[in-house]
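> Shown below is the structure under consideration.
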Amino acid sequence: MISVKKNSKFMVKAPISLKGINWQASLVKGLIFTGLIWFIVFLLVIPNVNTITSVFWQNGEFTLTAFTRLFGSARAVAALRNSFILAPILSLTVGFVGVSLVLITEYFKIGGAKILRMGYMTTLLYGGIILVSGYRFLYEPNGFITNFLVSIFPNFNTGWFEGFWAVLFVMTFAATGTHLIFIRNALRAVDYQTIEAARNMGASQFTILRKVVLPVLTPALTVVTVFTFLGGLSAIAAPLLVGGNDFQTINPMILSFANMAGSRDLAALLALFLGLASFILIGLLSWLEKRGHYLSVSKVKSTLVKQPIKNPVLNVLAHLYAYVLFFIYVAPVVVIVLFSFSEPSAIARRELSWSTFTLDNYRVVFSTATAYGPLLTSALYAVLASALVGALMLLVCRMIAKHKGKFCTLIEYAFMIPWLVPTVLIALGLVTTFNRPQWFMGNVALTGTMWIMVLGYVIISIPFTLRMLRAAFFGIDNGLEEAAKNLGAKPFYTFIKIVMPTIMPSLMAILALNFNSLLTEFDMSVFLFHPLAMPLGVQIRNLTTDGRAGDSTALTFVYAVLMMLVGAVVLYVAYGRQEKERN
Amino acid sequence: MKKLIKALSFGALALGLAACGQDAEADVQETAAPAESPVAEAPNDTNTDSDLEVVVLYSNALSDGRGEWIQEHAREIGIDLQLVDGGGVAIANRILAEQGNPMADVVFGLNQLLWADLIREGAIVPYVLAWADEIPAGLNDANGYFHAVALVGNLLAFDAGQLDASDAPTDWLELWNNPEFHGRYALPNALTGSTVQMVLSGIFNRFLDADGDMGLSEEGWANIAAMFANGVPTDQDIFAEIVNPASDVVLGQIWHMGIAPREESFDMTAGIVVPEIGIPFSVEGVALINGANNPEGAQRFMDWFGSAEVINAFGQAFDYLPANPNALDGLSAETIAISEIPAQEINWEVVADNMGAWIERIYLNYLQ
């Protein structure tokens with residue numbers, strides 16, 4: 001119905017075009033719209049609505065005991081409050097540190113910028129429990145840095161690294177990875193001639209930064225800030241490990257409840273809270289985005305020249321800041337790598353020495369011969385899912401960029417549904433909806449096939465892909481596109497020659513990041529994987545938790561190190577090399 | 001470069017779609033032949049594959065080589081076993097979610113609480129096994145839904161180097177009722193694991209009170225509150241927490257098979273606490289999935305796997321404690337010692353029915 005309406009609008013708007021082409025274009029457009037609506041209704045809405053209503057609809061009647069149970073709990077209320085305290089503050093600290101990293105490595109002339117950048121980018125390669133463990137080894141009561149500080153200041157409080165500040169510290173540095181890619185991509189679009197012009201007119205370095213550079217970064221910064229905010233709301237590892245008694249957040253509870261049949265309504269309710277908050281935030285930012293787009297994006301490509309910091313004191317301070325941050329970023333990685341070569345008892349006792357060095361951990365991992373099967377399986381699934389989600393979101397972004405109507409806004413919001421629902425519940429929704437043939441899926445029962453996990457992976461990758469791609473679309477030069485059109489280029493040709501080159505760096509980075517996170521995905525995989533194709537995330541979890549006879553911390557670190565290597569290679573191939581070619 | 005990337009991604013896409021397309025139409029049994037599924041890890045590419053019948057086994061008891069052992073030996077009776085390996089809760093949840101179109105034929109492992117869930121939801125069906133009569137009373141399900149294969153003891157252990165056995169507590173309740181032990185015992189900060197749920201079952205069971213709040217007496221809830229208020233929550237391995245010099249923790253829960261490997265890897269000696277009331281034993285069993293694709297194969301597998309001879313060999317290979325008293329020959333002295341600890345009597349019907357709600361209440365109110 002709606003697609004027909006769109007078509008007629010199109011007809012009215014472009015009456016001059018040849019009728020044949022017009023009809024064809026409308027048909028294609030109609031098919032695309034229908035396809036998107038089908039995807040949204042049957043793959044995003046129905047499975048999740050099923051899950052959510054089933055939790056509020058028990059024993060044949062609607063029940064809201066979830067509310068009373070939840071708000072009767074001081075612990076849950078405090079955790080919810082903490083999550084809402086953490087998210088906005090984290091957005092500020094991450095924004096500050098993230099932008100400063102990009103300026104250090106890309107804008108200002110700082111010695112050793114390349115090395116610094118590699119150090120800062122380590123957070124793109126690991127995360128979660130592993131990352132927080134790395135920090136904890138350094139800053140906990142008998143951590144390496146705490147011990148060092150105590151040796152200088154004997155009265156130093158060894159319990160300093162616990163609670164809100166510890167969580168904020170760890171998460172601030174953990175969340176800046178995406179800045180280094182997406183803010184950097186945006187910085188490339190800054191018009192260097194405007195900077196020079198401003199300088200010639202006597203503007204100070206600070207004024208140029210504020211008035212010329214930062215406005216160009218705003219769209220990308222907005223999007224990564226949304227992600228930081230959501231990351232703060234859904235924090236798990238950092239509060240669990242270093243939050244202590246006083247600073248627990250809500251997501252560990254959501255995760256536990258989502259896995260307990262009788263408590264799923266609580267998980268759904270809590271997730272809805274977080275989801276609604278996210279939607280309000282996204283709505284607000286979209287509104288801001290629409291209000292102001294006065295970018296001085298470079299039309300004549302003159303490459304940005306790195307700016308020396310003129311004030312000598314500031315220059316020294318900037319270098320100091322850059323290298324202190326470098327140390328903060330790299331130290332946990334070093335500790336994790338070293339401990340992956342240590343005996344378990346040495347890890348538990350926090351001893352690093354030659355005498356406890358061992359290759360056994362690696363031997364165990366590599367001798368579990370099935371190790372390659374799951375890696376291959378996951379790699380294939382991850383490639384497939386990130387390619388599909390990339391293509392799908394490219395289509396959606398293109399559509400949103402071309403047609404700015406209420407309908408497109410609705411579609412855009414609908415694709416954010418996977419943010420509203422915890423991954424475990426999305427997986428449950430898919431399994432229970434598709435475990436019988438459904439007419440809208442061509443009468444095929446998807447559960448138990450190899451398809452369903454591709455679908456699940458695509459679904460959980462949508463929000464990140466969509467938001468990041470949309471930000472990249474803001475960098476497209478509409479003037480060029482118009483020009484191409486006027487010169488008679490067909491839309492597809494224009495898309496390939498004008499649009500793709502602009503968004504390529506971001507697109508490749510998004511694909512690589514999606515690939516890396518899907519490679520070890522667990523929460524969804526464990527419900528959807530095919531018996532003949534165990535994915536890596538499930539295998540790692542099986543080898544490293546419960547049910548295993550021995551302690552598995554060392555093995556966890558080995559896997560973390562191996563995944564860092566894989567992640568680094570993927571990122572380099574997809575993003576780094578391309579960058580090199582550009583330079 | 002761009003062309004290369006494009007070519008690569010289209011190639012992968014096509015390959016993946018081809019792989020998926022084939023499997024989408026075939027059911028689990030038909031995809032058994034490795035040639036048809038490039039995604040799969042070819043299980044055992046011997047030429048006898050076509051003669052084997054496929055049985056899909058879901059289990060949380062396959063780690064440390066147990067899965068491969070069962071798979072290998074099942075081939076001897078003509079079964080190509082396909083394994084789905086995961087944590088107990090994950091396996092049970094997956095079986096429940098797949099009820100409309102079950103993928104599994106047999107489930108192995110779990111514990112009394114998870115068995116109760118599967119029975120309540122109709123996910124498994126009764127089938128009386130050949131060896132059912134050899135199992136001591138009370139371990140098999142009375143209605144034949146599941147049969148006991150092995151027992152896992154859930155213990156309170158301590159570091160004998162840091163705590164003298166004569167100073168150790170004699171029962172769980174002492175940990176929070178005696179200030180000596182406050183801050184000295186670890187509790188996992190996730191309550192979904194099997195060991196912690198069995199330990200909690202043993203504690204809840206002492207305070208059952210049909211008239212009490214949520215079926216527990218006031219004293220019971222006071223004990224639970226004190227348990228979590230005075231313990232140290234940890235996300236690490238509990239023995240790792242115990243040997244960490246910065247931590248005061250010296251006691252914690254452990255499943256019996258976990259003791260020996262940890263003593264070795266942490267270079268320590270563990271003591272165990274044997275309460276007068278006994279310890280909660282998890283019953284790892286086997287059961288037939290409701291709507292299994294291959295019920296005959298599943299039954300043949302269960303009759304074979306749980307037989308005294310096979311389970312004894314399995315027990316010897318992995319220090320596993322068979323539930324069948326005829327299968328204890330040649331087991332290690334430690335395993336035999338565990339089998340001699342009295343089992344705490346637990347009213348599983350009541351405990352399993354309420355466990356979810358109790359755990360939720362702990363999460364909402366008592367967990368630190």
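All residue names refer to the structure tokens as shown: chains lettered A, B, ... in order, residues numbered from 1 in each chain, ligands numbered from 1 in order.
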Just the residues within 10 Å of B:Glu180, please, counting only C-alpha atoms, with nothing from its chain fewer than 4 positions along; format it as a PyMOL selection string.

chain B and resi 167-169+174-176+184

> So that I can check the secondary structure, give me every residue of stretch 79-306 of chain B assigned strand (DSSP E) by backbone DSSP, as a PDB file with N, CA, C and O atoms, in the first residue's frame.


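This is the output file result22.pdb:
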```
ATOM      1  N   ILE B  79      26.583 -45.812  15.709  1.00  0.00           N
ATOM      2  CA  ILE B  79      25.911 -44.517  15.865  1.00  0.00           C
ATOM      3  C   ILE B  79      26.886 -43.385  15.557  1.00  0.00           C
ATOM      4  O   ILE B  79      27.997 -43.346  16.080  1.00  0.00           O
ATOM      5  N   ASP B  80      26.439 -42.512  14.660  1.00  0.00           N
ATOM      6  CA  ASP B  80      27.207 -41.292  14.393  1.00  0.00           C
ATOM      7  C   ASP B  80      26.621 -40.199  15.284  1.00  0.00           C
ATOM      8  O   ASP B  80      25.543 -39.691  15.019  1.00  0.00           O
ATOM      9  N   LEU B  81      27.338 -39.916  16.350  1.00  0.00           N
ATOM     10  CA  LEU B  81      26.814 -38.988  17.352  1.00  0.00           C
ATOM     11  C   LEU B  81      27.182 -37.565  16.975  1.00  0.00           C
ATOM     12  O   LEU B  81      28.344 -37.254  16.738  1.00  0.00           O
ATOM     13  N   GLN B  82      26.173 -36.701  16.925  1.00  0.00           N
ATOM     14  CA  GLN B  82      26.454 -35.280  16.707  1.00  0.00           C
ATOM     15  C   GLN B  82      26.223 -34.544  18.008  1.00  0.00           C
ATOM     16  O   GLN B  82      25.189 -34.709  18.641  1.00  0.00           O
ATOM     17  N   LEU B  83      27.227 -33.751  18.396  1.00  0.00           N
ATOM     18  CA  LEU B  83      27.191 -33.174  19.741  1.00  0.00           C
ATOM     19  C   LEU B  83      26.835 -31.704  19.717  1.00  0.00           C
ATOM     20  O   LEU B  83      27.342 -30.946  18.889  1.00  0.00           O
ATOM     21  N   VAL B  84      25.975 -31.305  20.629  1.00  0.00           N
ATOM     22  CA  VAL B  84      25.776 -29.885  20.897  1.00  0.00           C
ATOM     23  C   VAL B  84      26.173 -29.673  22.346  1.00  0.00           C
ATOM     24  O   VAL B  84      25.575 -30.230  23.259  1.00  0.00           O
ATOM     25  N   ASP B  85      27.246 -28.901  22.505  1.00  0.00           N
ATOM     26  CA  ASP B  85      27.904 -28.783  23.793  1.00  0.00           C
ATOM     27  C   ASP B  85      27.632 -27.388  24.343  1.00  0.00           C
ATOM     28  O   ASP B  85      27.741 -26.406  23.625  1.00  0.00           O
ATOM     29  N   VAL B 106      18.713 -36.969  22.185  1.00  0.00           N
ATOM     30  CA  VAL B 106      19.001 -37.336  23.564  1.00  0.00           C
ATOM     31  C   VAL B 106      19.613 -36.140  24.275  1.00  0.00           C
ATOM     32  O   VAL B 106      20.328 -35.352  23.669  1.00  0.00           O
ATOM     33  N   VAL B 107      19.332 -36.022  25.572  1.00  0.00           N
ATOM     34  CA  VAL B 107      20.051 -35.046  26.373  1.00  0.00           C
ATOM     35  C   VAL B 107      20.756 -35.796  27.500  1.00  0.00           C
ATOM     36  O   VAL B 107      20.202 -36.722  28.086  1.00  0.00           O
ATOM     37  N   PHE B 108      22.013 -35.391  27.734  1.00  0.00           N
ATOM     38  CA  PHE B 108      22.835 -36.070  28.748  1.00  0.00           C
ATOM     39  C   PHE B 108      23.466 -35.023  29.657  1.00  0.00           C
ATOM     40  O   PHE B 108      23.948 -33.993  29.187  1.00  0.00           O
ATOM     41  N   GLY B 109      23.460 -35.297  30.964  1.00  0.00           N
ATOM     42  CA  GLY B 109      24.081 -34.389  31.917  1.00  0.00           C
ATOM     43  C   GLY B 109      23.022 -33.739  32.800  1.00  0.00           C
ATOM     44  O   GLY B 109      22.206 -34.415  33.407  1.00  0.00           O
ATOM     45  N   ILE B 124      10.794 -33.709  27.517  1.00  0.00           N
ATOM     46  CA  ILE B 124      11.340 -35.067  27.435  1.00  0.00           C
ATOM     47  C   ILE B 124      10.213 -36.070  27.721  1.00  0.00           C
ATOM     48  O   ILE B 124       9.206 -35.713  28.334  1.00  0.00           O
ATOM     49  N   VAL B 125      10.398 -37.294  27.239  1.00  0.00           N
ATOM     50  CA  VAL B 125       9.357 -38.322  27.417  1.00  0.00           C
ATOM     51  C   VAL B 125       9.932 -39.528  28.144  1.00  0.00           C
ATOM     52  O   VAL B 125      11.130 -39.800  28.056  1.00  0.00           O
ATOM     53  N   HIS B 147      17.091 -41.082  33.563  1.00  0.00           N
ATOM     54  CA  HIS B 147      17.789 -42.117  34.320  1.00  0.00           C
ATOM     55  C   HIS B 147      19.188 -41.639  34.676  1.00  0.00           C
ATOM     56  O   HIS B 147      19.838 -40.986  33.866  1.00  0.00           O
ATOM     57  N   ALA B 148      19.610 -42.002  35.880  1.00  0.00           N
ATOM     58  CA  ALA B 148      20.886 -41.486  36.397  1.00  0.00           C
ATOM     59  C   ALA B 148      22.063 -42.206  35.759  1.00  0.00           C
ATOM     60  O   ALA B 148      22.108 -43.436  35.725  1.00  0.00           O
ATOM     61  N   VAL B 149      23.019 -41.424  35.257  1.00  0.00           N
ATOM     62  CA  VAL B 149      24.231 -41.980  34.681  1.00  0.00           C
ATOM     63  C   VAL B 149      25.399 -41.797  35.646  1.00  0.00           C
ATOM     64  O   VAL B 149      26.185 -42.691  35.868  1.00  0.00           O
ATOM     65  N   ALA B 150      25.472 -40.606  36.199  1.00  0.00           N
ATOM     66  CA  ALA B 150      26.623 -40.293  37.036  1.00  0.00           C
ATOM     67  C   ALA B 150      26.222 -39.342  38.148  1.00  0.00           C
ATOM     68  O   ALA B 150      25.162 -38.695  38.080  1.00  0.00           O
ATOM     69  N   LEU B 151      27.070 -39.271  39.160  1.00  0.00           N
ATOM     70  CA  LEU B 151      26.816 -38.386  40.284  1.00  0.00           C
ATOM     71  C   LEU B 151      27.957 -37.383  40.399  1.00  0.00           C
ATOM     72  O   LEU B 151      29.114 -37.724  40.204  1.00  0.00           O
ATOM     73  N   VAL B 152      27.589 -36.144  40.701  1.00  0.00           N
ATOM     74  CA  VAL B 152      28.604 -35.130  40.924  1.00  0.00           C
ATOM     75  C   VAL B 152      28.388 -34.555  42.317  1.00  0.00           C
ATOM     76  O   VAL B 152      27.300 -34.057  42.631  1.00  0.00           O
ATOM     77  N   GLY B 153      29.433 -34.650  43.147  1.00  0.00           N
ATOM     78  CA  GLY B 153      29.320 -34.114  44.500  1.00  0.00           C
ATOM     79  C   GLY B 153      29.574 -32.616  44.495  1.00  0.00           C
ATOM     80  O   GLY B 153      30.478 -32.128  43.822  1.00  0.00           O
ATOM     81  N   ASN B 154      28.736 -31.861  45.220  1.00  0.00           N
ATOM     82  CA  ASN B 154      28.941 -30.419  45.315  1.00  0.00           C
ATOM     83  C   ASN B 154      29.401 -30.090  46.721  1.00  0.00           C
ATOM     84  O   ASN B 154      28.674 -30.285  47.691  1.00  0.00           O
ATOM     85  N   LEU B 155      30.633 -29.612  46.821  1.00  0.00           N
ATOM     86  CA  LEU B 155      31.311 -29.555  48.115  1.00  0.00           C
ATOM     87  C   LEU B 155      31.671 -28.148  48.549  1.00  0.00           C
ATOM     88  O   LEU B 155      31.756 -27.232  47.729  1.00  0.00           O
ATOM     89  N   LEU B 156      31.919 -28.029  49.853  1.00  0.00           N
ATOM     90  CA  LEU B 156      32.574 -26.841  50.390  1.00  0.00           C
ATOM     91  C   LEU B 156      34.036 -27.226  50.606  1.00  0.00           C
ATOM     92  O   LEU B 156      34.338 -28.162  51.340  1.00  0.00           O
ATOM     93  N   ALA B 157      34.935 -26.511  49.932  1.00  0.00           N
ATOM     94  CA  ALA B 157      36.360 -26.847  50.032  1.00  0.00           C
ATOM     95  C   ALA B 157      37.140 -25.664  50.578  1.00  0.00           C
ATOM     96  O   ALA B 157      36.668 -24.535  50.556  1.00  0.00           O
ATOM     97  N   PHE B 158      38.346 -25.939  51.076  1.00  0.00           N
ATOM     98  CA  PHE B 158      39.190 -24.854  51.578  1.00  0.00           C
ATOM     99  C   PHE B 158      40.652 -25.163  51.276  1.00  0.00           C
ATOM    100  O   PHE B 158      40.993 -26.298  50.927  1.00  0.00           O
ATOM    101  N   ASP B 159      41.474 -24.155  51.406  1.00  0.00           N
ATOM    102  CA  ASP B 159      42.902 -24.315  51.179  1.00  0.00           C
ATOM    103  C   ASP B 159      43.548 -24.790  52.481  1.00  0.00           C
ATOM    104  O   ASP B 159      43.625 -24.037  53.453  1.00  0.00           O
ATOM    105  N   ALA B 186      34.121 -17.409  49.325  1.00  0.00           N
ATOM    106  CA  ALA B 186      33.739 -16.797  48.045  1.00  0.00           C
ATOM    107  C   ALA B 186      32.395 -17.336  47.570  1.00  0.00           C
ATOM    108  O   ALA B 186      32.038 -18.484  47.854  1.00  0.00           O
ATOM    109  N   LEU B 187      31.657 -16.474  46.886  1.00  0.00           N
ATOM    110  CA  LEU B 187      30.400 -16.885  46.252  1.00  0.00           C
ATOM    111  C   LEU B 187      30.453 -16.398  44.808  1.00  0.00           C
ATOM    112  O   LEU B 187      30.927 -15.297  44.553  1.00  0.00           O
ATOM    113  N   PRO B 188      29.986 -17.199  43.864  1.00  0.00           N
ATOM    114  CA  PRO B 188      30.026 -16.737  42.475  1.00  0.00           C
ATOM    115  C   PRO B 188      29.042 -15.578  42.294  1.00  0.00           C
ATOM    116  O   PRO B 188      27.984 -15.569  42.928  1.00  0.00           O
ATOM    117  N   LEU B 208      12.553 -25.384  54.317  1.00  0.00           N
ATOM    118  CA  LEU B 208      11.265 -25.452  53.623  1.00  0.00           C
ATOM    119  C   LEU B 208      10.140 -25.253  54.624  1.00  0.00           C
ATOM    120  O   LEU B 208      10.164 -25.805  55.723  1.00  0.00           O
ATOM    121  N   ASP B 209       9.175 -24.425  54.242  1.00  0.00           N
ATOM    122  CA  ASP B 209       8.049 -24.145  55.136  1.00  0.00           C
ATOM    123  C   ASP B 209       6.889 -23.712  54.256  1.00  0.00           C
ATOM    124  O   ASP B 209       6.872 -22.592  53.728  1.00  0.00           O
ATOM    125  N   ALA B 210       5.938 -24.620  54.085  1.00  0.00           N
ATOM    126  CA  ALA B 210       4.832 -24.362  53.160  1.00  0.00           C
ATOM    127  C   ALA B 210       4.104 -23.070  53.505  1.00  0.00           C
ATOM    128  O   ALA B 210       3.543 -22.415  52.624  1.00  0.00           O
ATOM    129  N   ASP B 211       4.121 -22.678  54.793  1.00  0.00           N
ATOM    130  CA  ASP B 211       3.400 -21.457  55.181  1.00  0.00           C
ATOM    131  C   ASP B 211       4.286 -20.220  55.130  1.00  0.00           C
ATOM    132  O   ASP B 211       3.822 -19.100  55.321  1.00  0.00           O
ATOM    133  N   GLY B 212       5.596 -20.437  54.900  1.00  0.00           N
ATOM    134  CA  GLY B 212       6.527 -19.298  54.947  1.00  0.00           C
ATOM    135  C   GLY B 212       6.461 -18.447  53.688  1.00  0.00           C
ATOM    136  O   GLY B 212       5.742 -18.763  52.730  1.00  0.00           O
ATOM    137  N   ASP B 213       7.240 -17.371  53.705  1.00  0.00           N
ATOM    138  CA  ASP B 213       7.317 -16.456  52.572  1.00  0.00           C
ATOM    139  C   ASP B 213       7.952 -17.186  51.387  1.00  0.00           C
ATOM    140  O   ASP B 213       9.093 -17.640  51.475  1.00  0.00           O
ATOM    141  N   LEU B 216       9.592 -20.612  52.168  1.00  0.00           N
ATOM    142  CA  LEU B 216      10.737 -20.756  53.076  1.00  0.00           C
ATOM    143  C   LEU B 216      10.425 -20.066  54.403  1.00  0.00           C
ATOM    144  O   LEU B 216       9.746 -19.035  54.434  1.00  0.00           O
ATOM    145  N   VAL B 232      32.223 -13.223  49.825  1.00  0.00           N
ATOM    146  CA  VAL B 232      32.927 -12.359  48.879  1.00  0.00           C
ATOM    147  C   VAL B 232      32.514 -12.757  47.463  1.00  0.00           C
ATOM    148  O   VAL B 232      32.806 -13.866  47.027  1.00  0.00           O
ATOM    149  N   PRO B 233      31.810 -11.865  46.759  1.00  0.00           N
ATOM    150  CA  PRO B 233      31.398 -12.234  45.394  1.00  0.00           C
ATOM    151  C   PRO B 233      32.602 -12.238  44.468  1.00  0.00           C
ATOM    152  O   PRO B 233      33.476 -11.380  44.572  1.00  0.00           O
ATOM    153  N   THR B 234      32.661 -13.211  43.584  1.00  0.00           N
ATOM    154  CA  THR B 234      33.794 -13.237  42.652  1.00  0.00           C
ATOM    155  C   THR B 234      33.349 -13.694  41.278  1.00  0.00           C
ATOM    156  O   THR B 234      32.393 -14.452  41.140  1.00  0.00           O
ATOM    157  N   LEU B 251      37.786 -20.252  51.548  1.00  0.00           N
ATOM    158  CA  LEU B 251      36.794 -21.318  51.364  1.00  0.00           C
ATOM    159  C   LEU B 251      35.888 -21.006  50.164  1.00  0.00           C
ATOM    160  O   LEU B 251      35.696 -19.838  49.814  1.00  0.00           O
ATOM    161  N   GLY B 252      35.337 -22.083  49.602  1.00  0.00           N
ATOM    162  CA  GLY B 252      34.389 -21.866  48.521  1.00  0.00           C
ATOM    163  C   GLY B 252      33.828 -23.167  48.000  1.00  0.00           C
ATOM    164  O   GLY B 252      34.283 -24.246  48.379  1.00  0.00           O
ATOM    165  N   GLN B 253      32.826 -23.040  47.123  1.00  0.00           N
ATOM    166  CA  GLN B 253      32.175 -24.230  46.572  1.00  0.00           C
ATOM    167  C   GLN B 253      33.035 -24.846  45.477  1.00  0.00           C
ATOM    168  O   GLN B 253      33.807 -24.161  44.821  1.00  0.00           O
ATOM    169  N   ILE B 254      32.880 -26.144  45.265  1.00  0.00           N
ATOM    170  CA  ILE B 254      33.577 -26.811  44.162  1.00  0.00           C
ATOM    171  C   ILE B 254      32.845 -28.107  43.839  1.00  0.00           C
ATOM    172  O   ILE B 254      32.306 -28.749  44.721  1.00  0.00           O
ATOM    173  N   TRP B 255      32.798 -28.458  42.548  1.00  0.00           N
ATOM    174  CA  TRP B 255      32.254 -29.774  42.184  1.00  0.00           C
ATOM    175  C   TRP B 255      33.378 -30.774  42.295  1.00  0.00           C
ATOM    176  O   TRP B 255      34.550 -30.434  42.060  1.00  0.00           O
ATOM    177  N   ALA B 270      43.709 -29.124  48.851  1.00  0.00           N
ATOM    178  CA  ALA B 270      42.370 -28.726  49.266  1.00  0.00           C
ATOM    179  C   ALA B 270      41.863 -29.633  50.371  1.00  0.00           C
ATOM    180  O   ALA B 270      42.128 -30.836  50.363  1.00  0.00           O
ATOM    181  N   GLY B 271      41.191 -29.044  51.340  1.00  0.00           N
ATOM    182  CA  GLY B 271      40.459 -29.825  52.319  1.00  0.00           C
ATOM    183  C   GLY B 271      38.990 -29.740  51.974  1.00  0.00           C
ATOM    184  O   GLY B 271      38.549 -28.769  51.352  1.00  0.00           O
ATOM    185  N   ILE B 272      38.204 -30.760  52.333  1.00  0.00           N
ATOM    186  CA  ILE B 272      36.773 -30.634  52.073  1.00  0.00           C
ATOM    187  C   ILE B 272      35.984 -30.760  53.370  1.00  0.00           C
ATOM    188  O   ILE B 272      36.410 -31.408  54.313  1.00  0.00           O
ATOM    189  N   VAL B 273      34.838 -30.078  53.388  1.00  0.00           N
ATOM    190  CA  VAL B 273      33.966 -30.093  54.556  1.00  0.00           C
ATOM    191  C   VAL B 273      32.858 -31.107  54.304  1.00  0.00           C
ATOM    192  O   VAL B 273      32.222 -31.076  53.243  1.00  0.00           O
ATOM    193  N   PHE B 281      24.176 -34.065  45.847  1.00  0.00           N
ATOM    194  CA  PHE B 281      24.754 -34.681  44.656  1.00  0.00           C
ATOM    195  C   PHE B 281      23.911 -34.304  43.441  1.00  0.00           C
ATOM    196  O   PHE B 281      22.682 -34.436  43.484  1.00  0.00           O
ATOM    197  N   SER B 282      24.559 -33.851  42.362  1.00  0.00           N
ATOM    198  CA  SER B 282      23.826 -33.640  41.112  1.00  0.00           C
ATOM    199  C   SER B 282      23.680 -34.978  40.421  1.00  0.00           C
ATOM    200  O   SER B 282      24.632 -35.750  40.363  1.00  0.00           O
ATOM    201  N   VAL B 283      22.502 -35.240  39.902  1.00  0.00           N
ATOM    202  CA  VAL B 283      22.302 -36.443  39.119  1.00  0.00           C
ATOM    203  C   VAL B 283      22.444 -36.089  37.645  1.00  0.00           C
ATOM    204  O   VAL B 283      21.609 -35.383  37.084  1.00  0.00           O
ATOM    205  N   GLU B 284      23.539 -36.542  37.032  1.00  0.00           N
ATOM    206  CA  GLU B 284      23.669 -36.380  35.591  1.00  0.00           C
ATOM    207  C   GLU B 284      23.027 -37.595  34.952  1.00  0.00           C
ATOM    208  O   GLU B 284      23.368 -38.729  35.288  1.00  0.00           O
ATOM    209  N   GLY B 285      22.075 -37.365  34.081  1.00  0.00           N
ATOM    210  CA  GLY B 285      21.323 -38.485  33.530  1.00  0.00           C
ATOM    211  C   GLY B 285      21.231 -38.437  32.028  1.00  0.00           C
ATOM    212  O   GLY B 285      21.876 -37.609  31.373  1.00  0.00           O
ATOM    213  N   VAL B 286      20.412 -39.350  31.494  1.00  0.00           N
ATOM    214  CA  VAL B 286      20.084 -39.297  30.069  1.00  0.00           C
ATOM    215  C   VAL B 286      18.577 -39.320  29.926  1.00  0.00           C
ATOM    216  O   VAL B 286      17.871 -39.901  30.757  1.00  0.00           O
ATOM    217  N   ALA B 287      18.072 -38.680  28.888  1.00  0.00           N
ATOM    218  CA  ALA B 287      16.637 -38.688  28.650  1.00  0.00           C
ATOM    219  C   ALA B 287      16.359 -38.535  27.168  1.00  0.00           C
ATOM    220  O   ALA B 287      17.176 -38.000  26.418  1.00  0.00           O
ATOM    221  N   LEU B 288      15.190 -39.023  26.770  1.00  0.00           N
ATOM    222  CA  LEU B 288      14.757 -38.995  25.377  1.00  0.00           C
ATOM    223  C   LEU B 288      13.968 -37.712  25.134  1.00  0.00           C
ATOM    224  O   LEU B 288      13.058 -37.376  25.887  1.00  0.00           O
ATOM    225  N   ILE B 289      14.324 -37.013  24.060  1.00  0.00           N
ATOM    226  CA  ILE B 289      13.640 -35.758  23.740  1.00  0.00           C
ATOM    227  C   ILE B 289      12.257 -36.054  23.153  1.00  0.00           C
ATOM    228  O   ILE B 289      12.108 -36.955  22.323  1.00  0.00           O
TER     229      ILE B 289
END
```

> Of the candidates B:Asp164, B:Asp303, B:Asp329, B:Glu340, which one gets nearest to B:Gln316 if we count only C-alpha atoms?

B:Asp329

> DSSP says helix (DSSP H, G or I) for which residues of stretch 45-185 of chain A? Put them as a PyMOL selection string?

chain A and resi 45-56+65-71+74-107+113-124+128-139+144-152+158-160+164-174+177-185

> Would you mind listing what lies within 12 Å of A:Gly567 as a list in words, with only C-alpha atoms counted and same-chain residues fewer than 4 positions away left out?

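Returned residues: Met121, Thr122, Thr123, Leu124, Leu125, Tyr126, Gly127, Ala379, Ala509, Leu511, Ala512, Leu513, Asn514, Phe515, Asn516, Ser517, Leu518, Leu519, Thr520, Tyr559, Ala560, Val561, Leu562, Met563, Leu571, Tyr572, Val573, Ala574 and Tyr575 of chain A.
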
> Could you pull the residues within 7 Å of A:Tyr192, counting only C-alpha atoms, minus those fewer than 3 positions along the same chain, as a list of chain:residue names?

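Result of the neighbour search: A:Ile195, A:Glu196, A:Ser302, A:Thr303, A:Leu304.
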
> Please compute the atom CA of B:Leu114-atom CA of B:Asp141 distance, one decimal, in Å.

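So the answer is 12.5 Å.
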
> Enumerate, in order of chain and increasing residue number, the residues of stretch 209-324 of chain A with an atom no farther than 9 Å from stretch 41-59 of chain A, each with its shortest atom pair and distance in Å to one decimal, counting only C-alpha atoms, as a Markdown table.


```
| residue | atom | partner | partner_atom | distance |
| --- | --- | --- | --- | --- |
| A:Gly262 | CA | A:Val55 | CA | 8.7 |
| A:Ser263 | CA | A:Val55 | CA | 8.5 |
| A:Arg264 | CA | A:Val55 | CA | 6.1 |
| A:Asp265 | CA | A:Val55 | CA | 4.7 |
| A:Leu266 | CA | A:Val55 | CA | 8.5 |
| A:Ala268 | CA | A:Ile52 | CA | 6.5 |
| A:Leu269 | CA | A:Ile52 | CA | 8.7 |
```
